[in-house]
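Engineer: File final.cif below, mmCIF, C-alpha atoms and all ligand atoms:
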```cif
data_input
#
loop_
_atom_site.label_atom_id
_atom_site.label_comp_id
_atom_site.auth_asym_id
_atom_site.auth_seq_id
_atom_site.Cartn_x
_atom_site.Cartn_y
_atom_site.Cartn_z
CA MET A 1 -15.92 10.63 -2.14
CA ALA A 2 -15.05 12.64 -5.16
CA ASP A 3 -11.71 13.94 -6.33
CA ARG A 4 -10.82 16.94 -4.18
CA SER A 5 -8.98 18.84 -6.89
CA ALA A 6 -10.31 22.25 -7.87
CA GLY A 7 -13.51 22.29 -9.85
CA THR A 8 -14.90 18.98 -8.69
CA GLU A 9 -17.40 18.34 -5.96
CA VAL A 10 -16.25 17.43 -2.48
CA ILE A 11 -18.47 14.96 -0.70
CA SER A 12 -18.07 14.22 2.99
CA ILE A 13 -18.67 10.71 4.27
CA ASN A 14 -21.90 11.79 5.95
CA ASP A 15 -23.22 13.37 2.77
CA LEU A 16 -22.23 10.27 0.88
CA LEU A 17 -23.91 7.92 3.36
CA GLU A 18 -27.06 9.99 3.09
CA ARG A 19 -26.95 10.08 -0.70
CA VAL A 20 -26.51 6.31 -0.91
CA ARG A 21 -29.41 5.87 1.53
CA GLN A 22 -31.62 7.97 -0.70
CA GLU A 23 -30.43 7.13 -4.22
CA GLY A 24 -28.92 3.66 -3.88
CA PRO A 25 -25.32 2.45 -4.23
CA VAL A 26 -24.68 3.70 -7.77
CA LEU A 27 -24.21 7.47 -7.95
CA ASN A 28 -23.51 9.72 -10.88
CA PHE A 29 -20.85 12.31 -10.09
CA GLN A 30 -19.60 15.19 -12.22
CA ASN A 31 -17.33 14.62 -15.22
CA ASP A 32 -18.82 11.25 -16.22
CA VAL A 33 -17.74 9.51 -13.03
CA VAL A 34 -19.91 6.72 -11.63
CA GLY A 35 -19.52 5.96 -7.92
CA ILE A 36 -20.13 2.33 -6.92
CA PHE A 37 -20.85 1.91 -3.21
CA ASP A 38 -21.98 -1.69 -3.03
CA PRO A 39 -19.09 -4.10 -2.24
CA ALA A 40 -20.22 -6.96 -4.51
CA LEU A 41 -21.04 -4.65 -7.41
CA ALA A 42 -17.73 -2.80 -6.96
CA VAL A 43 -15.85 -6.09 -7.37
CA LYS A 44 -17.88 -7.00 -10.50
CA VAL A 45 -17.35 -3.65 -12.20
CA ASP A 46 -13.64 -3.63 -11.39
CA LYS A 47 -13.25 -7.20 -12.63
CA ALA A 48 -15.11 -6.47 -15.87
CA ASN A 49 -12.71 -3.58 -16.47
CA THR A 50 -9.53 -5.40 -15.45
CA ASP A 51 -10.19 -8.70 -17.22
CA GLN A 52 -9.34 -7.21 -20.61
CA HIS A 53 -6.53 -4.99 -19.39
CA THR A 54 -3.07 -5.70 -20.79
CA VAL A 55 0.42 -4.36 -20.12
CA PRO A 56 0.41 -0.94 -21.82
CA ASP A 57 2.54 -0.30 -24.88
CA SER A 58 5.74 1.66 -24.52
CA LEU A 59 7.24 4.27 -26.83
CA ILE A 60 9.01 1.50 -28.78
CA ASP A 61 5.61 -0.08 -29.56
CA TYR A 62 4.07 3.23 -30.60
CA LEU A 63 6.98 3.80 -32.97
CA GLY A 64 6.44 0.32 -34.42
CA LEU A 65 10.00 -0.71 -33.56
CA ARG A 66 8.98 -4.03 -32.01
CA GLY A 67 7.50 -6.88 -34.02
CA ALA A 68 3.83 -7.62 -33.29
CA ALA A 69 3.54 -9.88 -30.26
CA PRO A 70 0.41 -10.94 -28.40
CA PRO A 71 -0.31 -8.58 -25.50
CA VAL A 72 0.34 -9.79 -21.97
CA ALA A 73 -2.73 -9.76 -19.74
CA TRP A 74 -2.51 -7.71 -16.54
CA ARG A 75 -3.95 -10.78 -14.80
CA GLU A 76 -0.89 -12.77 -15.77
CA VAL A 77 1.49 -10.12 -14.41
CA ARG A 78 -0.52 -9.96 -11.19
CA ALA A 79 -0.38 -13.75 -10.79
CA LEU A 80 3.43 -13.76 -11.21
CA LEU A 81 3.90 -10.95 -8.69
CA SER A 82 1.38 -12.25 -6.13
CA GLU A 83 2.93 -15.72 -6.11
CA GLN A 84 6.36 -14.22 -5.66
CA GLY A 85 4.98 -11.98 -2.89
CA GLY A 86 3.78 -15.09 -1.06
CA ARG A 87 7.23 -16.67 -1.36
CA LEU A 88 8.95 -13.48 -0.21
CA ALA A 89 6.95 -13.44 3.04
CA ALA A 90 9.07 -16.44 4.15
CA PRO A 91 10.84 -16.28 7.56
CA GLU A 92 14.29 -15.79 6.04
CA GLN A 93 13.16 -12.71 4.13
CA MET A 94 11.20 -11.42 7.11
CA ARG A 95 14.29 -11.71 9.33
CA ALA A 96 16.27 -9.60 6.86
CA LEU A 97 13.40 -7.11 6.57
CA TYR A 98 13.10 -6.80 10.35
CA LEU A 99 16.84 -6.18 10.67
CA ARG A 100 16.74 -3.50 7.97
CA MET A 101 13.81 -1.74 9.70
CA HIS A 102 15.65 -2.06 13.02
CA ALA A 103 18.82 -0.56 11.55
CA PHE A 104 16.80 2.31 10.05
CA LEU A 105 15.14 3.19 13.37
CA SER A 106 18.45 2.85 15.26
CA ARG A 107 20.00 5.46 12.94
CA ARG A 108 17.13 7.86 13.72
CA CYS A 109 17.22 7.51 17.53
CA GLY A 110 17.66 10.44 19.89
CA ALA A 111 16.36 13.51 18.03
CA VAL A 112 12.86 14.99 17.98
CA GLN A 113 11.34 14.18 14.62
CA ASP A 114 8.17 13.86 12.62
CA LEU A 115 6.92 10.38 13.48
CA SER A 116 4.74 10.11 10.36
CA GLU A 117 7.76 10.75 8.20
CA LEU A 118 9.83 8.34 10.29
CA SER A 119 7.23 5.53 9.98
CA TRP A 120 6.87 6.11 6.24
CA TRP A 121 10.58 5.70 5.61
CA ALA A 122 11.14 2.95 8.21
CA ILE A 123 8.71 0.82 6.18
CA SER A 124 9.39 1.93 2.61
CA GLU A 125 13.18 2.00 2.33
CA PRO A 126 13.81 -1.48 3.81
CA LEU A 127 11.49 -2.96 1.14
CA LEU A 128 13.82 -2.09 -1.75
CA PRO A 129 15.97 -5.27 -1.65
CA LEU A 130 12.76 -7.25 -2.12
CA LEU A 131 12.24 -5.41 -5.39
CA ILE A 132 15.77 -5.90 -6.72
CA ASP A 133 18.18 -8.03 -4.76
CA GLY A 134 21.90 -7.30 -4.69
CA MET A 135 21.90 -3.55 -5.37
CA ASP A 136 24.94 -1.60 -4.23
CA ALA A 137 24.62 1.60 -2.17
CA ARG A 138 24.54 3.83 -5.27
CA ASP A 139 21.73 1.91 -6.95
CA THR A 140 19.76 1.71 -3.70
CA ASP A 141 20.15 5.46 -3.42
CA ALA A 142 18.76 5.86 -6.95
CA LEU A 143 15.61 3.93 -5.98
CA ILE A 144 15.34 5.88 -2.72
CA GLY A 145 15.30 8.93 -5.03
CA GLU A 146 12.16 7.55 -6.70
CA GLN A 147 10.65 6.96 -3.26
CA LYS A 148 11.41 10.61 -2.42
CA THR A 149 9.38 11.70 -5.44
CA ARG A 150 6.47 9.58 -4.17
CA TYR A 151 6.80 10.93 -0.62
CA SER A 152 6.90 14.54 -1.82
CA GLY A 153 3.82 14.04 -4.01
CA ILE A 154 1.66 11.84 -1.80
CA VAL A 155 2.46 12.97 1.73
CA LEU A 156 3.93 16.47 1.38
CA GLN A 157 1.79 17.28 -1.68
CA ASP A 158 4.63 19.44 -2.92
CA PHE A 159 4.04 20.15 -6.61
CA GLY A 160 6.25 23.25 -6.88
CA VAL A 161 8.37 23.81 -9.97
CA PHE A 162 11.66 23.07 -8.24
CA ARG A 163 10.28 19.85 -6.76
CA ARG A 164 8.94 18.74 -10.15
CA LEU A 165 12.29 19.29 -11.82
CA LEU A 166 14.08 17.46 -9.05
CA ASN A 167 11.55 14.60 -9.26
CA LEU A 168 12.06 14.33 -13.00
CA HIS A 169 15.78 13.95 -12.47
CA LEU A 170 15.31 11.43 -9.64
CA SER A 171 12.79 9.34 -11.61
CA ARG A 172 15.04 9.18 -14.67
CA ARG A 173 17.97 8.12 -12.54
CA ALA A 174 15.86 5.38 -10.91
CA ALA A 175 14.53 4.22 -14.30
CA ARG A 176 18.07 3.90 -15.70
CA THR A 177 19.07 1.86 -12.65
CA VAL A 178 16.12 -0.50 -13.06
CA VAL A 179 16.84 -1.06 -16.76
CA ARG A 180 20.51 -1.79 -16.02
CA HIS A 181 19.55 -4.38 -13.41
CA ILE A 182 17.01 -6.08 -15.69
CA LYS A 183 19.62 -6.42 -18.43
CA ARG A 184 22.15 -7.76 -15.97
CA ARG A 185 19.69 -10.24 -14.47
CA VAL A 186 18.64 -11.64 -17.83
CA ARG A 187 22.22 -12.87 -18.16
CA ASP A 188 22.43 -14.10 -14.55
CA THR A 189 21.69 -17.80 -14.17
CA ARG A 190 21.24 -17.58 -10.38
CA ALA A 191 17.67 -17.14 -9.07
CA HIS A 192 17.18 -14.22 -6.69
CA ASP A 193 14.60 -13.72 -3.95
CA ASP A 194 12.97 -10.57 -5.26
CA PHE A 195 10.02 -9.32 -7.32
CA LEU A 196 12.23 -8.79 -10.38
CA GLN A 197 12.88 -12.53 -10.54
CA SER A 198 9.19 -13.24 -11.14
CA LEU A 199 9.05 -10.84 -14.10
CA LEU A 200 12.19 -12.02 -15.92
CA PRO A 201 10.28 -14.63 -17.98
CA LEU A 202 8.37 -11.74 -19.57
CA VAL A 203 11.45 -9.96 -20.92
CA GLY A 204 11.54 -12.07 -24.11
CA ARG A 205 7.83 -11.40 -24.74
CA ILE A 206 7.42 -7.71 -23.99
CA GLY A 207 10.95 -6.34 -23.84
CA VAL A 208 13.14 -4.75 -21.17
CA ASP A 209 11.35 -1.39 -21.33
CA ARG A 210 7.94 -2.79 -20.45
CA VAL A 211 9.34 -5.02 -17.70
CA ALA A 212 11.01 -1.85 -16.37
CA TYR A 213 7.56 -0.24 -16.37
CA LEU A 214 6.21 -3.19 -14.35
CA ILE A 215 9.07 -2.89 -11.86
CA SER A 216 8.32 0.81 -11.49
CA THR A 217 4.68 -0.12 -10.77
CA VAL A 218 5.80 -2.42 -7.95
CA LEU A 219 8.18 0.27 -6.68
CA ALA A 220 5.24 2.69 -6.63
CA GLY A 221 3.19 0.11 -4.69
CA MET A 222 6.01 -0.16 -2.16
CA SER A 223 6.35 3.59 -1.80
CA GLY A 224 3.01 4.92 -0.66
CA LEU A 225 0.41 2.87 1.13
CA PRO A 226 2.80 0.76 3.25
CA GLY A 227 4.37 3.91 4.73
CA ILE A 228 1.04 5.68 5.21
CA THR A 229 -0.34 2.60 6.94
CA ALA A 230 2.70 2.38 9.23
CA ALA A 231 2.16 6.01 10.27
CA SER A 232 -1.47 5.18 11.17
CA LEU A 233 -0.32 2.16 13.15
CA LEU A 234 2.19 4.18 15.14
CA TYR A 235 -0.46 6.80 15.80
CA ALA A 236 -2.94 4.12 16.96
CA LEU A 237 -0.29 2.64 19.27
CA HIS A 238 0.13 6.10 20.78
CA ARG A 239 -3.62 6.84 20.98
CA PHE A 240 -4.51 3.50 22.56
CA PRO A 241 -1.79 2.75 25.15
CA GLU A 242 -3.76 -0.19 26.55
CA TRP A 243 -3.44 -1.87 23.14
CA GLN A 244 0.20 -0.96 22.96
CA ALA A 245 0.71 -2.78 26.28
CA ARG A 246 -1.18 -5.87 25.06
CA ILE A 247 0.82 -5.98 21.83
CA ARG A 248 4.07 -5.55 23.75
CA ALA A 249 3.13 -8.46 26.00
CA GLU A 250 2.49 -10.64 22.96
CA THR A 251 5.54 -9.71 20.94
CA THR A 252 8.00 -9.87 23.84
CA ALA A 253 6.70 -13.32 24.82
CA LEU A 254 7.95 -14.74 21.52
CA PRO A 255 11.57 -15.22 20.44
CA LEU A 256 12.41 -13.13 17.38
CA GLU A 257 13.00 -16.25 15.28
CA THR A 258 9.41 -17.28 15.99
CA LEU A 259 8.11 -13.82 15.14
CA TYR A 260 9.65 -14.08 11.67
CA THR A 261 7.36 -17.06 11.01
CA LEU A 262 4.37 -14.75 11.70
CA PRO A 263 2.55 -17.04 14.11
CA MET A 264 -0.70 -15.08 13.99
CA ARG A 265 -2.45 -17.47 16.36
CA GLU A 266 0.05 -16.43 19.02
CA LEU A 267 -0.44 -12.75 18.19
CA PRO A 268 -4.23 -12.37 18.47
CA CYS A 269 -4.22 -8.81 19.89
CA THR A 270 -1.63 -7.63 17.37
CA SER A 271 -3.70 -9.16 14.60
CA ARG A 272 -6.96 -7.52 15.71
CA PHE A 273 -5.24 -4.19 16.25
CA ILE A 274 -3.80 -4.16 12.72
CA LYS A 275 -7.12 -5.24 11.21
CA GLU A 276 -8.95 -2.45 13.00
CA THR A 277 -6.35 0.22 12.22
CA ILE A 278 -6.57 -0.49 8.49
CA ARG A 279 -10.37 -0.62 8.71
CA VAL A 280 -10.68 2.77 10.39
CA TRP A 281 -7.87 4.34 8.37
CA PRO A 282 -7.50 2.45 5.08
CA GLY A 283 -4.45 3.60 3.12
CA LEU A 284 -6.45 4.97 0.22
CA PHE A 285 -9.97 6.25 0.83
CA ALA A 286 -11.17 6.09 -2.75
CA LEU A 287 -9.81 5.13 -6.10
CA ARG A 288 -10.92 6.27 -9.49
CA ARG A 289 -10.25 4.26 -12.60
CA PRO A 290 -10.83 4.98 -16.28
CA ALA A 291 -13.05 2.44 -18.06
CA TRP A 292 -10.70 0.84 -20.60
CA HIS A 293 -13.71 -0.44 -22.57
CA ASP A 294 -17.49 -0.38 -22.25
CA ILE A 295 -18.51 -2.00 -18.96
CA GLU A 296 -21.86 -3.69 -18.31
CA ALA A 297 -22.40 -5.24 -14.89
CA GLU A 298 -25.74 -5.85 -13.23
CA GLY A 299 -27.47 -2.98 -14.94
CA VAL A 300 -24.57 -0.56 -14.51
CA SER A 301 -23.22 0.79 -17.80
CA ILE A 302 -19.98 2.71 -17.98
CA LYS A 303 -18.77 3.85 -21.36
CA LYS A 304 -15.17 3.50 -22.46
CA GLY A 305 -13.30 6.68 -21.48
CA ALA A 306 -15.63 7.48 -18.57
CA ALA A 307 -14.51 6.62 -15.04
CA TYR A 308 -15.77 4.88 -11.97
CA GLU A 309 -14.94 5.32 -8.32
CA LEU A 310 -14.75 2.78 -5.51
CA SER A 311 -14.24 3.63 -1.87
CA SER A 312 -12.72 1.53 0.87
CA TYR A 313 -13.32 4.38 3.32
CA TYR A 314 -17.05 4.37 2.56
CA GLN A 315 -17.24 0.59 2.82
CA HIS A 316 -15.29 0.60 6.10
CA HIS A 317 -17.44 3.33 7.64
CA SER A 318 -20.95 2.45 6.52
CA PRO A 319 -23.34 1.38 9.30
CA GLU A 320 -24.79 -1.03 6.75
CA PHE A 321 -21.74 -3.26 7.30
CA TRP A 322 -20.44 -2.40 10.79
CA ASP A 323 -21.77 -1.67 14.27
CA GLN A 324 -20.54 1.76 15.34
CA PRO A 325 -18.29 2.03 12.29
CA ASP A 326 -16.41 5.12 13.50
CA VAL A 327 -15.37 3.58 16.82
CA PHE A 328 -11.86 2.10 17.03
CA ASP A 329 -12.62 -1.28 18.51
CA PRO A 330 -10.15 -4.08 17.68
CA ASP A 331 -12.29 -6.53 19.66
CA ARG A 332 -14.94 -6.34 16.94
CA TRP A 333 -12.65 -8.88 15.23
CA LEU A 334 -13.00 -11.42 18.06
CA PRO A 335 -14.50 -14.62 16.63
CA SER A 336 -17.40 -14.28 19.09
CA ARG A 337 -18.25 -10.77 17.84
CA ARG A 338 -17.51 -10.96 14.16
CA GLN A 339 -20.35 -9.79 11.97
CA PRO A 340 -20.77 -10.56 8.27
CA ASN A 341 -19.59 -7.51 6.36
CA LYS A 342 -20.63 -8.63 2.85
CA GLY A 343 -17.12 -8.18 1.45
CA ALA A 344 -16.98 -4.55 2.58
CA TYR A 345 -13.52 -4.97 4.16
CA VAL A 346 -10.98 -4.07 1.47
CA PRO A 347 -7.82 -2.61 3.07
CA PHE A 348 -5.73 -4.17 0.29
CA GLY A 349 -8.07 -3.14 -2.51
CA PHE A 350 -10.74 -4.77 -4.67
CA SER A 351 -10.03 -8.34 -5.74
CA SER A 352 -9.15 -8.06 -9.42
CA ARG A 353 -6.75 -5.16 -8.76
CA ALA A 354 -6.00 -5.89 -5.10
CA CYS A 355 -2.53 -5.48 -3.70
CA ILE A 356 -0.03 -7.97 -5.13
CA GLY A 357 2.24 -7.26 -2.15
CA SER A 358 -0.35 -7.92 0.56
CA ALA A 359 1.50 -10.97 1.96
CA VAL A 360 4.69 -8.95 2.40
CA GLY A 361 2.72 -5.83 3.40
CA HIS A 362 0.73 -7.54 6.13
CA ALA A 363 3.82 -9.37 7.42
CA GLN A 364 5.69 -6.09 7.55
CA LEU A 365 2.93 -4.43 9.57
CA VAL A 366 3.13 -7.24 12.14
CA LEU A 367 6.92 -6.90 12.30
CA PHE A 368 6.61 -3.13 12.59
CA CYS A 369 4.31 -3.51 15.62
CA ALA A 370 6.81 -5.94 17.13
CA LEU A 371 9.75 -3.63 16.44
CA ILE A 372 8.05 -0.58 17.94
CA THR A 373 6.79 -2.35 21.04
CA ARG A 374 9.69 -4.63 21.92
CA ASP A 375 12.84 -2.90 20.65
CA PHE A 376 12.12 0.84 20.88
CA ASP A 377 10.40 3.41 23.04
CA ILE A 378 8.62 6.33 21.43
CA GLN A 379 8.00 9.49 23.46
CA VAL A 380 5.39 11.52 21.64
CA GLN A 381 5.36 15.29 22.25
CA ALA A 382 2.11 16.33 23.94
CA GLU A 383 2.04 19.83 22.43
CA PRO A 384 0.84 20.44 19.81
CA ALA A 385 -1.42 17.41 20.15
CA PRO A 386 -1.17 14.94 17.26
CA TRP A 387 -4.26 14.57 15.10
CA MET A 388 -5.30 12.56 12.09
CA LYS A 389 -5.73 14.41 8.82
CA LEU A 390 -8.35 12.65 6.68
CA GLU A 391 -8.07 13.82 3.11
CA GLY A 392 -7.93 11.10 0.51
CA PHE A 393 -5.90 9.09 2.99
CA ALA A 394 -5.20 9.26 6.72
CA ILE A 395 -1.95 10.79 7.92
CA PRO A 396 -1.07 11.84 11.49
CA ILE A 397 -0.17 15.53 11.77
CA ASP A 398 1.78 17.28 14.55
CA PHE A 399 3.00 13.81 15.39
CA LYS A 400 6.43 14.59 16.79
CA GLY A 401 8.57 12.65 19.19
CA VAL A 402 11.79 10.89 20.07
CA VAL A 403 12.70 7.27 19.45
CA THR A 404 15.09 5.54 21.86
CA PRO A 405 16.28 1.94 22.07
CA ARG A 406 14.32 0.06 24.67
CA ALA A 407 16.31 -0.96 27.71
CA GLY A 408 16.93 -4.70 27.77
CA ALA A 409 15.68 -5.27 24.19
CA GLY A 410 17.78 -7.66 22.18
C1 LIG A 501 0.51 -2.23 4.38
C2 LIG A 501 0.93 -2.36 3.22
C3 LIG A 501 0.11 -2.19 1.96
C4 LIG A 501 -1.16 -1.71 1.78
C5 LIG A 501 -2.15 -1.21 2.84
C6 LIG A 501 -1.43 -1.79 0.37
C7 LIG A 501 -2.64 -1.44 -0.21
C8 LIG A 501 -2.90 -1.54 -1.57
C9 LIG A 501 -4.18 -1.20 -2.17
C10 LIG A 501 -5.39 -0.66 -1.43
C11 LIG A 501 -4.05 -1.42 -3.51
C12 LIG A 501 -5.13 -1.25 -4.58
C13 LIG A 501 -4.96 0.05 -5.29
C14 LIG A 501 -5.83 0.08 -6.52
O1 LIG A 501 -6.73 -0.76 -6.68
O2 LIG A 501 -5.61 0.97 -7.36
C15 LIG A 501 -2.70 -1.88 -3.75
C16 LIG A 501 -2.20 -2.18 -5.01
C17 LIG A 501 -0.90 -2.53 -5.23
N1 LIG A 501 0.08 -2.79 -4.29
FE1 LIG A 501 -0.15 -2.63 -2.27
N2 LIG A 501 -0.33 -2.26 -0.27
C18 LIG A 501 0.64 -2.53 0.66
C19 LIG A 501 1.89 -3.04 0.43
C20 LIG A 501 2.43 -3.31 -0.80
C21 LIG A 501 3.74 -3.82 -1.03
C22 LIG A 501 4.74 -4.18 0.06
C23 LIG A 501 3.89 -3.92 -2.39
C24 LIG A 501 5.04 -4.40 -3.19
C25 LIG A 501 5.85 -5.27 -2.85
C26 LIG A 501 2.67 -3.48 -3.01
C27 LIG A 501 2.44 -3.44 -4.37
C28 LIG A 501 1.23 -3.10 -4.94
C29 LIG A 501 1.02 -3.04 -6.39
C30 LIG A 501 2.06 -3.29 -7.48
C31 LIG A 501 -0.32 -2.70 -6.57
C32 LIG A 501 -1.05 -2.49 -7.92
C33 LIG A 501 -1.77 -3.77 -8.33
C34 LIG A 501 -2.45 -3.61 -9.66
O3 LIG A 501 -2.47 -2.51 -10.21
O4 LIG A 501 -2.99 -4.61 -10.19
N3 LIG A 501 1.81 -3.11 -2.00
N4 LIG A 501 -2.03 -1.94 -2.57
#
```
Mind turning the file's structure into structure tokens?

Structural biologist:
Amino acid sequence: MADRSAGTEVISINDLLERVRQEGPVLNFQNDVVGIFDPALAVKVDKANTDQHTVPDSLIDYLGLRGAAPPVAWREVRALLSEQGGRLAAPEQMRALYLRMHAFLSRRCGAVQDLSELSWWAISEPLLPLLIDGMDARDTDALIGEQKTRYSGIVLQDFGVFRRLLNLHLSRRAARTVVRHIKRRVRDTRAHDDFLQSLLPLVGRIGVDRVAYLISTVLAGMSGLPGITAASLLYALHRFPEWQARIRAETTALPLETLYTLPMRELPCTSRFIKETIRVWPGLFALRRPAWHDIEAEGVSIKKGAAYELSSYYQHHSPEFWDQPDVFDPDRWLPSRRQPNKGAYVPFGFSSRACIGSAVGHAQLVLFCALITRDFDIQVQAEPAPWMKLEGFAIPIDFKGVVTPRAGAG
């Protein structure tokens, strides 16, 4: 799946499947891009590239204003963030997250609205306190501003001049807020339950500006794929009412306090449904990375400065790894039916660059299903009929409806 911007080739999944069948899993695309469509090879190439990656220099480094210090490996940053992500998926944090999502949806009850937009924001905005704990309303609003820039670019694909100027202003405001909080937190002796806490030990080594860059990377991670995935989940709940009923039965059978502990064994249908939704509609169909240095892996050579492309959508839809790959069938995840997929299932990315927020992200998807099925009713407008736009990522279109509190929910 190549970049769809003007001047580059557009390859449909069927063309791609055919090309891989004929030419093998390594394809040469235009503009020095190598496509890797074998799951194990994709992981090796990505790892070879990432292993030497370090936190990029900032303007201060380019100007030589910081003394020479050993670079910090991206791996180290990822380890700090992933461990913190695991801790943040604890029941106490999940309770607070659920209540924030609940409050968000309650505020949006009663009016006809775009349900993709609603899902995106119901997931993205409540994540912000997990990035930086203790922000006041003004600072939260500044970070919501950054999320607006992401929403306008990714979902609305609005790149008009006015939007760009507005985004510049919003991003600068958010960046100033982040820097202020980092400086404040360096002086704070109390530990906070947020992603910033895990990066504070790096401030002395790489400076406030580069830690601010890392925080903005996590903010970007929070402000795209989680929301897109939530929109797909809501769409799947609407498209497959029998699954909605099964999930409702599971989530209403459990007290909320138990749900916050994410007892996946007691939520088997919810679990299969989420797995299948992010298989059929993975957040990001393909990703393209520059080679930061020469890469050699199993006979594949990619020169520094060239690029390679990996595709979760291809891997999730290839008949080499799945029976009837295009059919939405959560029961394919039943233990009795599971088939080996050779590592093709990558909804949270490829291992060396996989999502550092997957623990929180997955937990939030479970809570979102619970919230939608047990606490709210969604009436989707029949006309025009909702449909799934598949262009780089999946987003439901013409997906309009009304959210109301569910009678008897509490
Ligand atoms: C359903 C929820 C989520 C999904 C489906 C998802 C998916 C992904 C995927 C596919 C990648 C790999 C992108 C790439 O390789 O370029 C990724 C990376 C990342 N995600 Fe997530 N994500 C989710 C939630 C989150 C959350 C909640 C956070 C933050 C708390 C987060 C932070 C990140 C970051 C920082 C990266 C970049 C990692 C790196 O560059 O090494 N994600 N995510």

Engineer: May I have the protein, DNA and RNA residues with any atom at most 6 Å from the point (-13.6, -0.1, -6.7), counting only C-alpha atoms, written as an mmCIF file with C-alpha atoms, keeping the file's coordinate frame?

Structural biologist:
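Saved to out.cif:
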```cif
data_model
loop_
_atom_site.group_PDB
_atom_site.id
_atom_site.type_symbol
_atom_site.label_atom_id
_atom_site.label_comp_id
_atom_site.auth_asym_id
_atom_site.auth_seq_id
_atom_site.Cartn_x
_atom_site.Cartn_y
_atom_site.Cartn_z
ATOM 1 C CA ALA A 42 -17.730 -2.800 -6.960
ATOM 2 C CA ASP A 46 -13.640 -3.630 -11.390
ATOM 3 C CA GLU A 309 -14.940 5.320 -8.320
ATOM 4 C CA LEU A 310 -14.750 2.780 -5.510
ATOM 5 C CA PHE A 350 -10.740 -4.770 -4.670
#
```

Engineer: Counting all atoms listed in the file, which residue out of A:Val346, A:Leu17, A:Leu118, A:Ala394 sits closest to A:Pro39?

Structural biologist: A:Val346

Engineer: I'd like the interatomic distance between atom CA of A:Gln197 and atom CA of A:Trp120, to a tenth of an Å.

Structural biologist: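 Distance between the two atoms: 25.8 Å.
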
Engineer: Residues contacting ligand LIG 501 (chain A) - anything with an atom at most 7 Å away, using only C-alpha atoms and all ligand atoms - can you give me those as an MDAnalysis selection string?

Structural biologist: chainID A and resid 78 85 127 131 217:222 225:226 229 282:284 287 347:350 353:358 360:362 365

Engineer: Which neighbours of stretch 136-150 of chain A fall inside 10 Å, counting all atoms listed in the file, when residues of the same chain fewer than 4 positions from it are skipped, and could you give them as a PyMOL selection string?

Structural biologist: chain A and resi 121+124-126+128-129+131-132+154-158+163-164+166-178+180-181+216+219-220+222-224

Engineer: Show me, as a PyMOL selection string, the residues that have an atom within 10 Å of A:Arg210 when counting all atoms listed in the file, minus same-chain residues fewer than 4 positions from it.

Structural biologist: chain A and resi 55-61+179+202-203+205-206+214-216

Engineer: Could the residues in this selection be saved with C-alpha atoms as a PDB file, in the frame of the given file?

Structural biologist:
```
ATOM      1  CA  VAL A  55       0.420  -4.360 -20.120  1.00  0.00           C
ATOM      2  CA  PRO A  56       0.410  -0.940 -21.820  1.00  0.00           C
ATOM      3  CA  ASP A  57       2.540  -0.300 -24.880  1.00  0.00           C
ATOM      4  CA  SER A  58       5.740   1.660 -24.520  1.00  0.00           C
ATOM      5  CA  LEU A  59       7.240   4.270 -26.830  1.00  0.00           C
ATOM      6  CA  ILE A  60       9.010   1.500 -28.780  1.00  0.00           C
ATOM      7  CA  ASP A  61       5.610  -0.080 -29.560  1.00  0.00           C
ATOM      8  CA  VAL A 179      16.840  -1.060 -16.760  1.00  0.00           C
ATOM      9  CA  LEU A 202       8.370 -11.740 -19.570  1.00  0.00           C
ATOM     10  CA  VAL A 203      11.450  -9.960 -20.920  1.00  0.00           C
ATOM     11  CA  ARG A 205       7.830 -11.400 -24.740  1.00  0.00           C
ATOM     12  CA  ILE A 206       7.420  -7.710 -23.990  1.00  0.00           C
ATOM     13  CA  LEU A 214       6.210  -3.190 -14.350  1.00  0.00           C
ATOM     14  CA  ILE A 215       9.070  -2.890 -11.860  1.00  0.00           C
ATOM     15  CA  SER A 216       8.320   0.810 -11.490  1.00  0.00           C
TER      16      SER A 216
END
```

Engineer: At a cut-off of 10 Å, using all atoms listed in the file, what residues contact stretch 323-332 of chain A? Leave out same-chain residues fewer than 6 positions from it and give the result as an MDAnalysis selection string.

Structural biologist: chainID A and resid 236 240 243 269:277 279:281 315:317 338:339

Engineer: Smallest atom-to-atom distance to A:Asp133: which of A:Glu257, A:Asp193, A:Glu383, A:Asp294, using only C-alpha atoms?

Structural biologist: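 The answer is A:Asp193, which sits nearest to A:Asp133.
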
Engineer: So that I can see what lies close to A:Val300, please list as a list in words the residues with an atom at most 9 Å from it, counting all atoms listed in the file and leaving out residues fewer than 4 positions away in the same chain.

Structural biologist: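 In the requested format, the answer is Val26, Leu41, Val45, Ile295 and Glu296 of chain A.
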
Engineer: Here's a test: counting only C-alpha atoms, identify every protein, DNA and RNA residue with an atom at most 9 Å from (4.2, 14.0, 8.9) in the file's coordinate frame, and state them as a list in words.

Structural biologist: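 Residues close enough to count: Asp114, Leu115, Ser116, Glu117, Leu118, Trp120, Val155, Leu156, Ala231, Ile395, Pro396, Ile397, Asp398, Phe399 and Lys400 of chain A.
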
Engineer: Could you tell me how far atom CA of A:Asn31 sits from atom CA of A:Thr54, in Å to one decimal place?

Structural biologist: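 The value is 25.4 Å.
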